[in-house]
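Asker: Structure: target38.txt, compact mmCIF, C-alpha atoms.
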# COMPACT_ATOMS: atom_id res chain seq x y z
CA MET W 312 138.43 189.79 26.53
CA ALA W 313 137.99 192.27 29.37
CA VAL W 314 140.73 192.81 31.96
CA TRP W 315 140.08 193.76 35.61
CA LEU W 316 142.65 196.28 36.84
CA LYS W 317 140.89 196.39 40.22
CA HIS W 318 138.52 193.88 41.84
CA GLY W 319 135.77 194.42 44.43
CA ALA W 320 134.98 192.42 47.58
CA GLU W 321 134.54 188.68 47.46
CA ALA W 322 130.99 187.34 47.45
CA GLU W 323 131.50 185.34 50.67
CA VAL W 324 132.39 188.49 52.61
CA ILE W 325 129.18 190.15 51.45
CA LYS W 326 127.11 187.03 52.22
CA SER W 327 128.45 186.83 55.78
CA ALA W 328 127.48 190.44 56.51
CA ALA W 329 124.00 189.88 55.05
CA LYS W 330 123.39 186.93 57.42
CA GLU W 331 123.98 189.11 60.49
CA VAL W 332 121.65 191.80 59.19
CA ARG W 333 118.94 189.26 58.40
CA GLU W 334 118.95 187.78 61.91
CA THR W 335 118.91 191.21 63.58
CA VAL W 336 115.98 192.38 61.48
CA GLU W 337 113.97 189.21 62.09
CA ALA W 338 114.25 189.57 65.87
CA THR W 339 113.47 193.29 65.77
CA LEU W 340 110.34 192.91 63.66
CA ALA W 341 109.09 190.17 65.99
CA ASP W 342 109.56 192.55 68.93
CA ILE W 343 107.60 195.33 67.18
CA GLU W 344 104.77 192.93 66.39
CA ALA W 345 104.65 191.75 70.01
CA ARG W 346 105.00 195.06 71.85
CA GLY W 347 104.01 197.76 69.36
CA ASP W 348 104.71 201.33 70.47
CA ALA W 349 106.78 200.20 73.48
CA ALA W 350 109.20 198.33 71.22
CA VAL W 351 109.40 201.25 68.78
CA ARG W 352 110.22 203.62 71.62
CA ASP W 353 112.88 201.32 73.09
CA LEU W 354 114.50 200.94 69.67
CA SER W 355 114.45 204.67 69.00
CA ILE W 356 116.10 205.38 72.34
CA ARG W 357 118.69 202.67 71.75
CA PHE W 358 119.66 203.49 68.16
CA ASP W 359 118.73 207.16 67.66
CA LYS W 360 118.97 208.42 71.25
CA LEU W 361 115.53 209.98 70.86
CA ASP W 362 112.87 209.48 73.56
CA ARG W 363 109.37 210.80 72.88
CA GLU W 364 105.87 209.89 74.02
CA ASP W 365 104.65 210.36 70.45
CA TYR W 366 106.99 210.19 67.47
CA ARG W 367 104.53 211.91 65.15
CA LEU W 368 105.51 215.54 64.66
CA SER W 369 102.96 218.19 65.58
CA GLN W 370 102.09 221.07 63.26
CA THR W 371 103.99 223.36 65.64
CA GLU W 372 107.14 221.24 65.22
CA ILE W 373 106.71 221.18 61.44
CA ASP W 374 106.34 224.98 61.37
CA GLU W 375 109.44 225.33 63.54
CA CYS W 376 111.46 223.22 61.08
CA LEU W 377 110.21 225.31 58.15
CA SER W 378 111.22 228.50 59.95
CA GLN W 379 114.82 227.30 60.16
CA LEU W 380 115.21 227.20 56.38
CA SER W 381 116.10 230.25 54.32
CA ARG W 382 113.98 231.50 51.41
CA ARG W 383 116.62 230.10 49.08
CA ASP W 384 116.40 226.70 50.77
CA ILE W 385 112.62 226.65 50.36
CA ALA W 386 112.88 227.78 46.72
CA ASP W 387 115.42 225.08 45.95
CA ILE W 388 113.20 222.40 47.47
CA GLU W 389 110.25 223.76 45.50
CA PHE W 390 112.28 223.59 42.26
CA ALA W 391 113.23 219.94 42.83
CA GLN W 392 109.70 218.98 43.84
CA THR W 393 108.23 220.68 40.77
CA GLN W 394 110.51 218.66 38.49
CA VAL W 395 109.62 215.39 40.22
CA GLU W 396 105.91 216.20 40.09
CA ASN W 397 106.01 217.20 36.41
CA PHE W 398 107.62 213.93 35.37
CA ALA W 399 105.34 211.89 37.66
CA LYS W 400 102.28 213.51 36.06
CA HIS W 401 103.51 212.51 32.60
CA GLN W 402 104.00 208.96 33.86
CA ARG W 403 100.49 208.90 35.33
CA ALA W 404 99.02 210.18 32.07
CA SER W 405 100.62 207.25 30.24
CA LEU W 406 98.64 204.77 32.36
CA ARG W 407 95.11 204.56 31.07
CA ASP W 408 92.07 202.61 32.13
CA ILE W 409 90.79 200.49 29.25
CA GLU W 410 87.49 198.88 28.28
CA VAL W 411 87.23 196.86 25.06
CA GLU W 412 84.69 194.57 23.40
CA THR W 413 86.83 191.54 22.60
CA LEU W 414 83.93 189.44 21.26
CA PRO W 415 80.38 190.47 20.44
CA GLY W 416 78.75 191.07 23.83
CA VAL W 417 81.95 190.46 25.84
CA ILE W 418 83.45 193.51 27.57
CA LEU W 419 86.87 193.33 29.26
CA GLY W 420 88.66 196.15 31.00
CA HIS W 421 91.09 197.26 33.62
CA LYS W 422 91.26 200.13 36.07
CA ASN W 423 94.41 201.60 37.62
CA ILE W 424 93.50 201.96 41.28
CA PRO W 425 95.84 203.62 43.81
CA VAL W 426 96.63 201.84 47.05
CA ASN W 427 94.90 203.39 50.06
CA ALA W 428 97.96 204.03 52.25
CA ALA W 429 101.68 204.40 51.55
CA GLY W 430 104.56 204.50 54.00
CA CYS W 431 107.55 206.46 52.75
CA TYR W 432 110.94 206.00 54.39
CA VAL W 433 113.33 208.94 54.11
CA PRO W 434 116.91 208.11 55.16
CA GLY W 435 118.70 210.75 57.14
CA GLY W 436 120.84 209.38 59.95
CA LYS W 437 124.17 210.11 58.26
CA TYR W 438 123.09 212.73 55.72
CA PRO W 439 119.69 214.50 55.74
CA LEU W 440 118.53 213.07 52.39
CA LEU W 441 115.52 215.30 51.83
CA ALA W 442 115.39 214.35 48.14
CA SER W 443 113.93 210.98 49.09
CA ALA W 444 110.85 212.79 50.38
CA HIS W 445 110.21 214.27 46.92
CA MET W 446 110.71 210.96 45.20
CA SER W 447 108.32 208.95 47.34
CA VAL W 448 105.68 211.34 48.67
CA ILE W 449 105.08 213.31 45.46
CA THR W 450 105.00 210.18 43.33
CA ALA W 451 102.43 208.60 45.66
CA ARG W 452 100.35 211.77 45.69
CA VAL W 453 100.31 212.04 41.89
CA ALA W 454 99.24 208.38 41.75
CA GLY W 455 96.24 209.29 43.92
CA VAL W 456 97.18 207.64 47.23
CA GLU W 457 94.86 209.00 49.93
CA ARG W 458 96.99 208.47 53.07
CA ILE W 459 100.72 209.11 52.80
CA ILE W 460 102.88 208.86 55.90
CA THR W 461 106.60 209.39 56.25
CA CYS W 462 109.33 208.32 58.63
CA ALA W 463 112.80 209.82 58.83
CA PRO W 464 115.38 209.32 61.57
CA PRO W 465 116.47 212.21 63.75
CA PHE W 466 119.59 214.13 62.77
CA ASN W 467 121.72 214.96 65.80
CA ARG W 468 118.86 213.69 68.02
CA LYS W 469 116.29 216.09 66.55
CA PRO W 470 114.01 216.15 63.52
CA ALA W 471 116.08 217.29 60.54
CA PRO W 472 114.55 220.63 59.46
CA ALA W 473 115.21 220.18 55.73
CA ILE W 474 113.74 216.66 55.67
CA VAL W 475 110.67 217.73 57.63
CA ALA W 476 110.17 220.68 55.28
CA ALA W 477 110.46 218.44 52.23
CA GLN W 478 108.04 215.88 53.67
CA HIS W 479 105.49 218.55 54.50
CA MET W 480 105.85 220.44 51.22
CA ALA W 481 105.56 217.19 49.26
CA GLY W 482 102.19 216.44 50.87
CA ALA W 483 102.76 213.88 53.65
CA LYS W 484 99.70 213.53 55.89
CA GLU W 485 101.59 212.13 58.90
CA ILE W 486 105.27 212.80 59.63
CA TYR W 487 107.16 210.67 62.16
CA CYS W 488 110.66 211.14 63.54
CA LEU W 489 111.60 207.47 63.39
CA GLY W 490 114.43 205.67 61.68
CA GLY W 491 115.66 202.21 60.84
CA ILE W 492 113.89 198.90 61.36
CA GLN W 493 111.52 200.45 63.91
CA ALA W 494 110.22 202.91 61.29
CA VAL W 495 109.47 200.47 58.49
CA GLY W 496 108.27 197.85 60.97
CA ALA W 497 105.82 200.27 62.59
CA MET W 498 104.47 201.42 59.22
CA ALA W 499 104.00 197.90 57.89
CA ILE W 500 102.87 196.02 61.02
CA GLY W 501 101.11 198.89 62.75
CA THR W 502 101.23 199.83 66.43
CA GLN W 503 98.82 201.30 68.94
CA SER W 504 99.47 204.78 67.51
CA ILE W 505 100.40 204.11 63.87
CA ALA W 506 97.89 202.51 61.51
CA PRO W 507 99.52 200.09 59.05
CA VAL W 508 100.04 200.99 55.39
CA ASP W 509 99.58 199.00 52.20
CA ILE W 510 102.98 199.64 50.60
CA LEU W 511 106.45 200.62 51.84
CA VAL W 512 108.74 202.69 49.62
CA GLY W 513 112.02 204.55 49.85
CA PRO W 514 115.72 203.75 50.16
CA GLY W 515 117.61 202.99 53.35
CA ASN W 516 120.58 201.22 54.84
CA ALA W 517 121.09 197.46 54.88
CA PHE W 518 118.78 197.03 57.89
CA VAL W 519 115.96 199.02 56.28
CA ALA W 520 116.35 197.10 53.01
CA GLU W 521 116.27 193.75 54.82
CA ALA W 522 113.26 194.80 56.88
CA LYS W 523 111.37 195.65 53.68
CA ARG W 524 112.36 192.27 52.23
CA GLN W 525 111.03 190.41 55.27
CA LEU W 526 107.83 192.48 55.33
CA PHE W 527 107.10 191.92 51.64
CA GLY W 528 103.85 190.01 51.36
CA ARG W 529 102.38 191.56 54.48
CA VAL W 530 102.68 194.83 52.54
CA GLY W 531 103.85 195.70 49.07
CA ILE W 532 107.27 197.27 48.57
CA ASP W 533 108.76 199.35 45.80
CA LEU W 534 111.76 197.08 45.21
CA PHE W 535 114.50 195.08 46.91
CA ALA W 536 117.33 197.53 47.45
CA GLY W 537 120.87 197.45 48.76
CA PRO W 538 123.74 199.92 48.96
CA THR W 539 124.01 202.60 46.28
CA GLU W 540 125.76 201.40 43.12
CA THR W 541 127.31 203.31 40.25
CA LEU W 542 128.80 202.19 36.96
CA VAL W 543 130.70 204.65 34.79
CA ILE W 544 131.04 203.58 31.15
CA ALA W 545 133.64 205.75 29.45
CA ASP W 546 135.93 206.06 26.46
CA GLU W 547 138.75 208.40 25.49
CA SER W 548 136.29 211.24 24.80
CA VAL W 549 136.41 212.16 28.52
CA ASP W 550 139.17 212.49 31.09
CA GLY W 551 140.08 210.82 34.35
CA GLU W 552 138.93 213.72 36.51
CA MET W 553 135.34 213.42 35.30
CA CYS W 554 135.32 209.62 35.68
CA ALA W 555 136.83 209.77 39.16
CA THR W 556 134.43 212.51 40.26
CA ASP W 557 131.41 210.53 39.10
CA LEU W 558 132.67 207.39 40.85
CA LEU W 559 133.40 209.04 44.19
CA GLY W 560 130.24 211.12 44.01
CA GLN W 561 128.31 207.90 44.69
CA ALA W 562 130.93 206.03 46.73
CA GLU W 563 130.42 208.59 49.50
CA HIS W 564 126.94 207.15 50.18
CA GLY W 565 128.41 204.48 52.41
CA PRO W 566 131.39 202.18 53.00
CA ASP W 567 129.72 199.38 51.01
CA SER W 568 128.68 201.29 47.87
CA PRO W 569 130.15 199.70 44.71
CA ALA W 570 131.65 202.13 42.19
CA ILE W 571 132.83 200.60 38.91
CA LEU W 572 134.64 202.02 35.90
CA LEU W 573 134.13 200.17 32.61
CA THR W 574 136.15 201.51 29.70
CA THR W 575 137.78 200.60 26.39
CA SER W 576 140.83 202.73 27.23
CA GLU W 577 143.51 201.39 29.56
CA LYS W 578 145.07 204.86 29.54
CA LEU W 579 141.82 206.38 30.83
CA ALA W 580 141.46 203.58 33.39
CA ARG W 581 144.87 204.26 34.92
CA GLU W 582 144.37 208.00 34.73
CA THR W 583 141.05 207.62 36.57
CA MET W 584 142.61 205.49 39.30
CA ALA W 585 145.25 208.16 39.84
CA GLU W 586 142.56 210.87 39.96
CA VAL W 587 140.59 208.88 42.52
CA GLU W 588 143.63 208.86 44.79
CA ARG W 589 144.12 212.61 44.30
CA LEU W 590 140.48 213.43 45.03
CA LEU W 591 140.42 211.20 48.10
CA LYS W 592 143.00 213.55 49.64
CA ILE W 593 140.65 216.56 49.38
CA LEU W 594 137.08 215.21 49.37
CA PRO W 595 135.31 216.08 52.66
CA THR W 596 133.58 212.67 52.64
CA ALA W 597 136.81 210.84 51.80
CA GLU W 598 136.74 208.67 54.93
CA ILE W 599 133.59 206.90 53.74
CA ALA W 600 134.41 207.04 50.03
CA ARG W 601 137.86 205.53 50.65
CA LYS W 602 136.40 202.47 52.38
CA SER W 603 133.90 202.00 49.60
CA TRP W 604 136.47 202.40 46.81
CA ASP W 605 139.10 200.19 48.44
CA LYS W 606 136.69 197.33 49.19
CA PHE W 607 134.08 197.51 46.44
CA GLY W 608 135.57 199.63 43.66
CA GLU W 609 136.36 197.97 40.32
CA VAL W 610 138.13 199.01 37.13
CA ILE W 611 137.47 196.99 33.97
CA VAL W 612 139.06 197.45 30.55
CA ALA W 613 136.99 195.99 27.69
CA GLU W 614 137.95 195.45 24.08
CA SER W 615 134.94 197.16 22.47
CA ASP W 616 131.69 199.04 23.05
CA GLU W 617 129.86 195.78 22.32
CA GLU W 618 131.73 194.03 25.11
CA MET W 619 131.01 196.94 27.45
CA VAL W 620 127.27 196.51 26.78
CA ARG W 621 127.58 192.80 27.62
CA ILE W 622 129.46 193.42 30.85
CA ALA W 623 127.19 196.30 31.87
CA ASP W 624 124.09 194.13 31.46
CA GLN W 625 125.74 191.44 33.61
CA ILE W 626 126.51 194.01 36.33
CA ALA W 627 122.95 195.45 36.12
CA SER W 628 123.96 198.52 38.10
CA GLU W 629 121.61 200.95 39.82
CA HIS W 630 123.14 204.07 38.22
CA VAL W 631 124.91 203.94 34.87
CA GLN W 632 126.78 207.04 33.74
CA ILE W 633 127.57 206.96 29.98
CA LEU W 634 130.60 209.09 29.16
CA THR W 635 131.28 208.09 25.55
CA LYS W 636 131.29 209.59 22.07
CA ASP W 637 127.93 208.00 21.30
CA PRO W 638 125.81 207.63 24.47
CA ASP W 639 122.77 206.57 22.45
CA TYR W 640 124.62 203.41 21.42
CA PHE W 641 124.19 202.23 25.01
CA LEU W 642 120.65 203.62 25.38
CA ASN W 643 119.59 201.55 22.37
CA ARG W 644 121.35 198.33 23.43
CA MET W 645 121.49 198.05 27.21
CA THR W 646 118.66 196.19 28.96
CA ASN W 647 119.67 195.93 32.64
CA TYR W 648 120.03 199.18 34.61
CA GLY W 649 118.21 201.30 37.15
CA ALA W 650 118.71 204.63 35.39
CA LEU W 651 120.95 205.88 32.58
CA PHE W 652 122.73 209.23 32.63
CA LEU W 653 123.66 209.95 29.05
CA GLY W 654 126.62 212.15 28.21
CA PRO W 655 129.00 214.33 30.21
CA ARG W 656 126.49 217.17 30.68
CA THR W 657 124.38 215.10 33.06
CA ASN W 658 125.33 212.95 36.04
CA VAL W 659 123.88 210.82 38.81
CA ALA W 660 123.65 213.74 41.25
CA TYR W 661 121.17 215.47 38.92
CA GLY W 662 118.92 212.42 39.08
CA ASP W 663 119.43 212.04 42.81
CA LYS W 664 118.46 215.60 43.66
CA ALA W 665 116.72 217.80 41.14
CA ILE W 666 116.16 216.83 37.51
CA GLY W 667 112.87 215.00 38.03
CA THR W 668 113.45 211.28 37.47
CA ASN W 669 113.09 209.09 40.55
CA HIS W 670 116.20 208.17 42.52
CA THR W 671 114.79 205.07 44.24
CA LEU W 672 116.27 202.45 41.94
CA PRO W 673 117.00 198.69 41.82
CA THR W 674 120.30 197.36 43.18
CA LYS W 675 121.96 193.95 43.64
CA LYS W 676 121.19 192.98 40.04
CA SER W 677 117.44 193.39 40.49
CA ALA W 678 117.52 195.74 37.48
CA ARG W 679 117.31 192.47 35.51
CA TYR W 680 113.60 192.28 36.34
CA THR W 681 112.38 195.64 37.65
CA GLY W 682 112.73 199.36 37.17
CA GLY W 683 112.77 201.96 39.90
CA LEU W 684 110.07 203.70 41.89
CA TRP W 685 107.45 205.43 39.75
CA VAL W 686 103.76 206.29 39.75
CA GLY W 687 102.85 202.78 38.63
CA LYS W 688 104.25 201.25 41.84
CA PHE W 689 101.38 202.86 43.78
CA LEU W 690 98.71 201.60 41.38
CA LYS W 691 96.97 198.24 41.17
CA THR W 692 95.90 197.35 37.63
CA CYS W 693 92.67 195.49 38.33
CA THR W 694 90.66 193.74 35.63
CA TYR W 695 86.92 193.30 35.20
CA GLN W 696 84.54 191.65 32.74
CA LYS W 697 80.95 192.01 31.61
CA VAL W 698 78.92 189.72 29.34
CA LEU W 699 76.03 191.65 27.81
CA THR W 700 74.13 189.09 25.72
CA ASP W 701 72.68 185.62 26.17
CA GLU W 702 74.47 184.47 23.03
CA ALA W 703 77.87 185.60 24.29
CA SER W 704 77.42 183.95 27.69
CA ALA W 705 76.35 180.64 26.14
CA MET W 706 79.19 180.68 23.62
CA VAL W 707 81.93 181.38 26.19
CA GLY W 708 80.23 178.94 28.55
CA GLU W 709 80.52 176.08 26.06
CA TYR W 710 84.27 176.61 25.68
CA THR W 711 84.72 176.99 29.43
CA SER W 712 82.73 173.84 30.17
CA ARG W 713 84.80 171.66 27.85
CA LEU W 714 88.09 173.12 29.15
CA CYS W 715 87.00 172.47 32.74
CA ALA W 716 86.22 168.84 31.81
CA LEU W 717 89.78 168.47 30.48
CA GLU W 718 91.09 169.59 33.87
CA GLY W 719 88.62 167.60 35.96
CA PHE W 720 87.14 170.70 37.61
CA ALA W 721 83.48 169.71 37.89
CA GLY W 722 82.44 172.67 40.01
CA HIS W 723 84.06 175.14 37.63
CA GLY W 724 82.38 173.37 34.75
CA GLU W 725 78.96 173.59 36.35
CA GLN W 726 79.36 177.37 36.68
CA ALA W 727 79.66 177.44 32.90
CA ASN W 728 76.97 174.81 32.30
CA LEU W 729 74.43 176.75 34.34
CA ARG W 730 74.88 179.75 32.04
CA VAL W 731 74.68 177.58 28.95
CA ARG W 732 71.36 176.13 30.20
CA ARG W 733 69.99 179.54 31.16
CA TYR W 734 71.13 181.51 28.14
CA GLY W 735 71.66 178.95 25.37
CA HIS W 736 71.09 175.19 25.12
CA LYS W 737 68.43 173.90 27.49
CA ASP W 738 69.53 170.26 27.35
CA VAL W 739 72.94 170.41 29.09
CA PRO W 740 72.69 168.05 32.13
CA TYR W 741 74.00 168.98 35.56
CA GLY W 742 77.72 168.18 35.61
CA GLY W 743 77.84 167.52 31.88
CA ALA W 744 80.14 169.33 29.49
CA ALA W 745 78.47 171.50 26.89
CA VAL W 746 78.87 170.18 23.38
As structure tokens, please, write out the structure in this file.
Answerer:
Amino acid sequence: MAVWLKHGAEAEVIKSAAKEVRETVEATLADIEARGDAAVRDLSIRFDKLDREDYRLSQTEIDECLSQLSRRDIADIEFAQTQVENFAKHQRASLRDIEVETLPGVILGHKNIPVNAAGCYVPGGKYPLLASAHMSVITARVAGVERIITCAPPFNRKPAPAIVAAQHMAGAKEIYCLGGIQAVGAMAIGTQSIAPVDILVGPGNAFVAEAKRQLFGRVGIDLFAGPTETLVIADESVDGEMCATDLLGQAEHGPDSPAILLTTSEKLARETMAEVERLLKILPTAEIARKSWDKFGEVIVAESDEEMVRIADQIASEHVQILTKDPDYFLNRMTNYGALFLGPRTNVAYGDKAIGTNHTLPTKKSARYTGGLWVGKFLKTCTYQKVLTDEASAMVGEYTSRLCALEGFAGHGEQANLRVRRYGHKDVPYGGAAV
């Protein structure tokens, strides 16, 4: 049986914080719907200290941001975006339209149709997370979305040059310097100056995540997301420094980011805990990482790899780093995770920034029923049918008529009966089931 050497926060503490966020978001979205641009401006001034007549960036402003980046900066962004685009194109190629003759004269098919407009949120209030622009904008573009708009909060009260460059280079058609609830609310609801979109994607803080949850239905969303999560599964084949580094590398996202070590080695567990304390003395982001580790960090010692698989699937973490002798053991057995990072040569930061897989991933156990953002999220798989012969229409009509009679749907049944009379038997009475 597994032993917890360190526990995370109690569920009631988390639930209490979520209630406050929910109420704030509900009131803010209602204000945006009522007042449009005026509400967005008031919120931007209040939370981001940025007052503009128009929050859409002009081409001159975009060019100015690009000019502030070095050639190396631009080349690095291009490298990351190329990797994301390459993988997205392979994903798109795996999604094929189909048309099949399932019965003589009966043609069924589906088409993968991109949504018309996507709103991509790029977080950047605390850190300028330009990678989120690659993940959302490029993926939407490869899917074939015609209108792609982006919102990112100001950094130090100005558009963040690196984020703006990434948005522009990725192919965003409209770029807004807006953050938080006002950004996702404006994109989903629409204002006098911002036309609404069909789907919202991209990570964000607790307020952004809750806003997307409340807006779901009015628009589509990529997934329900919460704070960044990481689970490190390790055995004695690695050391405490690597485990601690991979834990704190994600704990720095925010003071509520769970970081969990799951191992079969108590020695490694204690060594990792000691290394965490050492690294927290020198890590530049230690102030945030410390809060996250103290409140949400966990250390679990399991009896076997089999038990680690069981526990990992219960946790259903966003990021799962596999640092074991046989990483494929977990690849072949685990079912609940956002993304796997297999072996010590890779890590979550590669996926977050440059390797090409998408970093917008499920959290809060939603990996039990969904994967992360990918090309397919921007596509609607829409079916169609054609009946080419009289015989086929009459034959399907007879089955449909009798099934409708079982359910008591007379109007449905008459749709079928009409076709049976026209294309098959002439003696089916109005409202009567075909024999």
Asker: Would you mind listing, for every residue of stretch 442-510 of chain W within 10 Å of stretch 359-369 of chain W, the two atoms forming the shortest contact and the distance between them in Å to one decimal, using only C-alpha atoms, sorted by chain and ascending residue number, as a tab-separated table?
Answerer:
residue	atom	partner	partner_atom	distance
W:Ile460	CA	W:Arg367	CA	9.9
W:Thr461	CA	W:Arg367	CA	9.5
W:Cys462	CA	W:Arg367	CA	8.9
W:Pro464	CA	W:Asp359	CA	7.3
W:Pro465	CA	W:Asp359	CA	6.8
W:Phe466	CA	W:Asp359	CA	8.6
W:Asn467	CA	W:Asp359	CA	8.6
W:Arg468	CA	W:Leu361	CA	5.7
W:Lys469	CA	W:Leu361	CA	7.5
W:Pro470	CA	W:Leu368	CA	8.6
W:Val475	CA	W:Leu368	CA	9.0
W:Glu485	CA	W:Arg367	CA	6.9
W:Ile486	CA	W:Arg367	CA	5.6
W:Tyr487	CA	W:Arg367	CA	4.2
W:Cys488	CA	W:Tyr366	CA	5.5
W:Leu489	CA	W:Tyr366	CA	6.7
W:Gly490	CA	W:Asp359	CA	7.5
W:Gly491	CA	W:Asp359	CA	9.0
W:Ser504	CA	W:Asp365	CA	8.2
W:Ile505	CA	W:Arg367	CA	8.9
Asker: List as a CSV table (one decimal) with C-alpha atoms, in the frame of the given file the residues having at least one atom at most 10 Å from position (124.3, 201.1, 28.8) as given in the file, counting only C-alpha atoms.
Answerer:
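The result, stored in out_34.csv:
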chain,number,residue,atom,x,y,z
W,542,LEU,CA,128.8,202.2,37.0
W,543,VAL,CA,130.7,204.6,34.8
W,544,ILE,CA,131.0,203.6,31.2
W,616,ASP,CA,131.7,199.0,23.0
W,619,MET,CA,131.0,196.9,27.4
W,620,VAL,CA,127.3,196.5,26.8
W,621,ARG,CA,127.6,192.8,27.6
W,622,ILE,CA,129.5,193.4,30.8
W,623,ALA,CA,127.2,196.3,31.9
W,624,ASP,CA,124.1,194.1,31.5
W,627,ALA,CA,123.0,195.4,36.1
W,628,SER,CA,124.0,198.5,38.1
W,630,HIS,CA,123.1,204.1,38.2
W,631,VAL,CA,124.9,203.9,34.9
W,632,GLN,CA,126.8,207.0,33.7
W,633,ILE,CA,127.6,207.0,30.0
W,638,PRO,CA,125.8,207.6,24.5
W,639,ASP,CA,122.8,206.6,22.4
W,640,TYR,CA,124.6,203.4,21.4
W,641,PHE,CA,124.2,202.2,25.0
W,642,LEU,CA,120.6,203.6,25.4
W,643,ASN,CA,119.6,201.6,22.4
W,644,ARG,CA,121.4,198.3,23.4
W,645,MET,CA,121.5,198.0,27.2
W,646,THR,CA,118.7,196.2,29.0
W,647,ASN,CA,119.7,195.9,32.6
W,648,TYR,CA,120.0,199.2,34.6
W,650,ALA,CA,118.7,204.6,35.4
W,651,LEU,CA,121.0,205.9,32.6
W,652,PHE,CA,122.7,209.2,32.6
W,653,LEU,CA,123.7,210.0,29.0
Asker: Quick one: of W:Ala727, W:Glu577, W:Ile449, W:Lys675, who's nearest to W:Ala517, counting all atoms listed in the file?
Answerer: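 That would be W:Lys675, the residue with the smallest distance to W:Ala517.
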Asker: Counting only C-alpha atoms, figure out which residue out of W:Leu590, W:Val426, W:Ala404, W:Met553 gets nearest to W:Val530.
Answerer: W:Val426
Asker: So, with all atoms listed in the file as the atoms that count, which of W:Arg458, W:Arg333, W:His479, W:Arg407 lies closest to W:Ile385?
Answerer: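 Smallest separation from W:Ile385 among the options: W:His479.
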Asker: Would you mind putting N, CA, C and O atoms back on stretch 719-730 of chain W and writing the result as a short mmCIF file (atom, residue, chain, number, x, y, z; two decimals), keeping the file's coordinate frame?
Answerer:
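For reference, rebuild.cif as written:
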data_model
loop_
_atom_site.label_atom_id
_atom_site.label_comp_id
_atom_site.auth_asym_id
_atom_site.auth_seq_id
_atom_site.Cartn_x
_atom_site.Cartn_y
_atom_site.Cartn_z
N GLY W 719 89.27 168.32 34.87
CA GLY W 719 88.62 167.60 35.96
C GLY W 719 87.98 168.50 36.99
O GLY W 719 87.69 168.05 38.11
N PHE W 720 87.74 169.76 36.67
CA PHE W 720 87.14 170.70 37.61
C PHE W 720 85.62 170.72 37.40
O PHE W 720 85.09 171.55 36.66
N ALA W 721 84.92 169.84 38.10
CA ALA W 721 83.48 169.71 37.89
C ALA W 721 82.72 170.94 38.36
O ALA W 721 81.75 171.37 37.71
N GLY W 722 83.13 171.49 39.49
CA GLY W 722 82.44 172.67 40.01
C GLY W 722 82.60 173.87 39.10
O GLY W 722 81.65 174.62 38.85
N HIS W 723 83.84 174.07 38.61
CA HIS W 723 84.06 175.14 37.63
C HIS W 723 83.17 174.92 36.41
O HIS W 723 82.54 175.85 35.89
N GLY W 724 83.16 173.67 35.95
CA GLY W 724 82.38 173.37 34.75
C GLY W 724 80.91 173.66 34.93
O GLY W 724 80.24 174.14 34.01
N GLU W 725 80.38 173.36 36.13
CA GLU W 725 78.96 173.59 36.35
C GLU W 725 78.62 175.08 36.37
O GLU W 725 77.51 175.48 36.00
N GLN W 726 79.59 175.93 36.79
CA GLN W 726 79.36 177.37 36.68
C GLN W 726 79.07 177.75 35.23
O GLN W 726 78.18 178.56 34.93
N ALA W 727 79.87 177.17 34.32
CA ALA W 727 79.66 177.44 32.90
C ALA W 727 78.38 176.79 32.40
O ALA W 727 77.59 177.40 31.66
N ASN W 728 78.14 175.53 32.79
CA ASN W 728 76.97 174.81 32.30
C ASN W 728 75.66 175.50 32.68
O ASN W 728 74.69 175.53 31.90
N LEU W 729 75.62 176.05 33.90
CA LEU W 729 74.43 176.75 34.34
C LEU W 729 74.09 177.90 33.38
O LEU W 729 72.92 178.11 33.02
N ARG W 730 75.11 178.63 32.96
CA ARG W 730 74.88 179.75 32.04
C ARG W 730 74.47 179.25 30.65
O ARG W 730 73.62 179.86 29.99
#
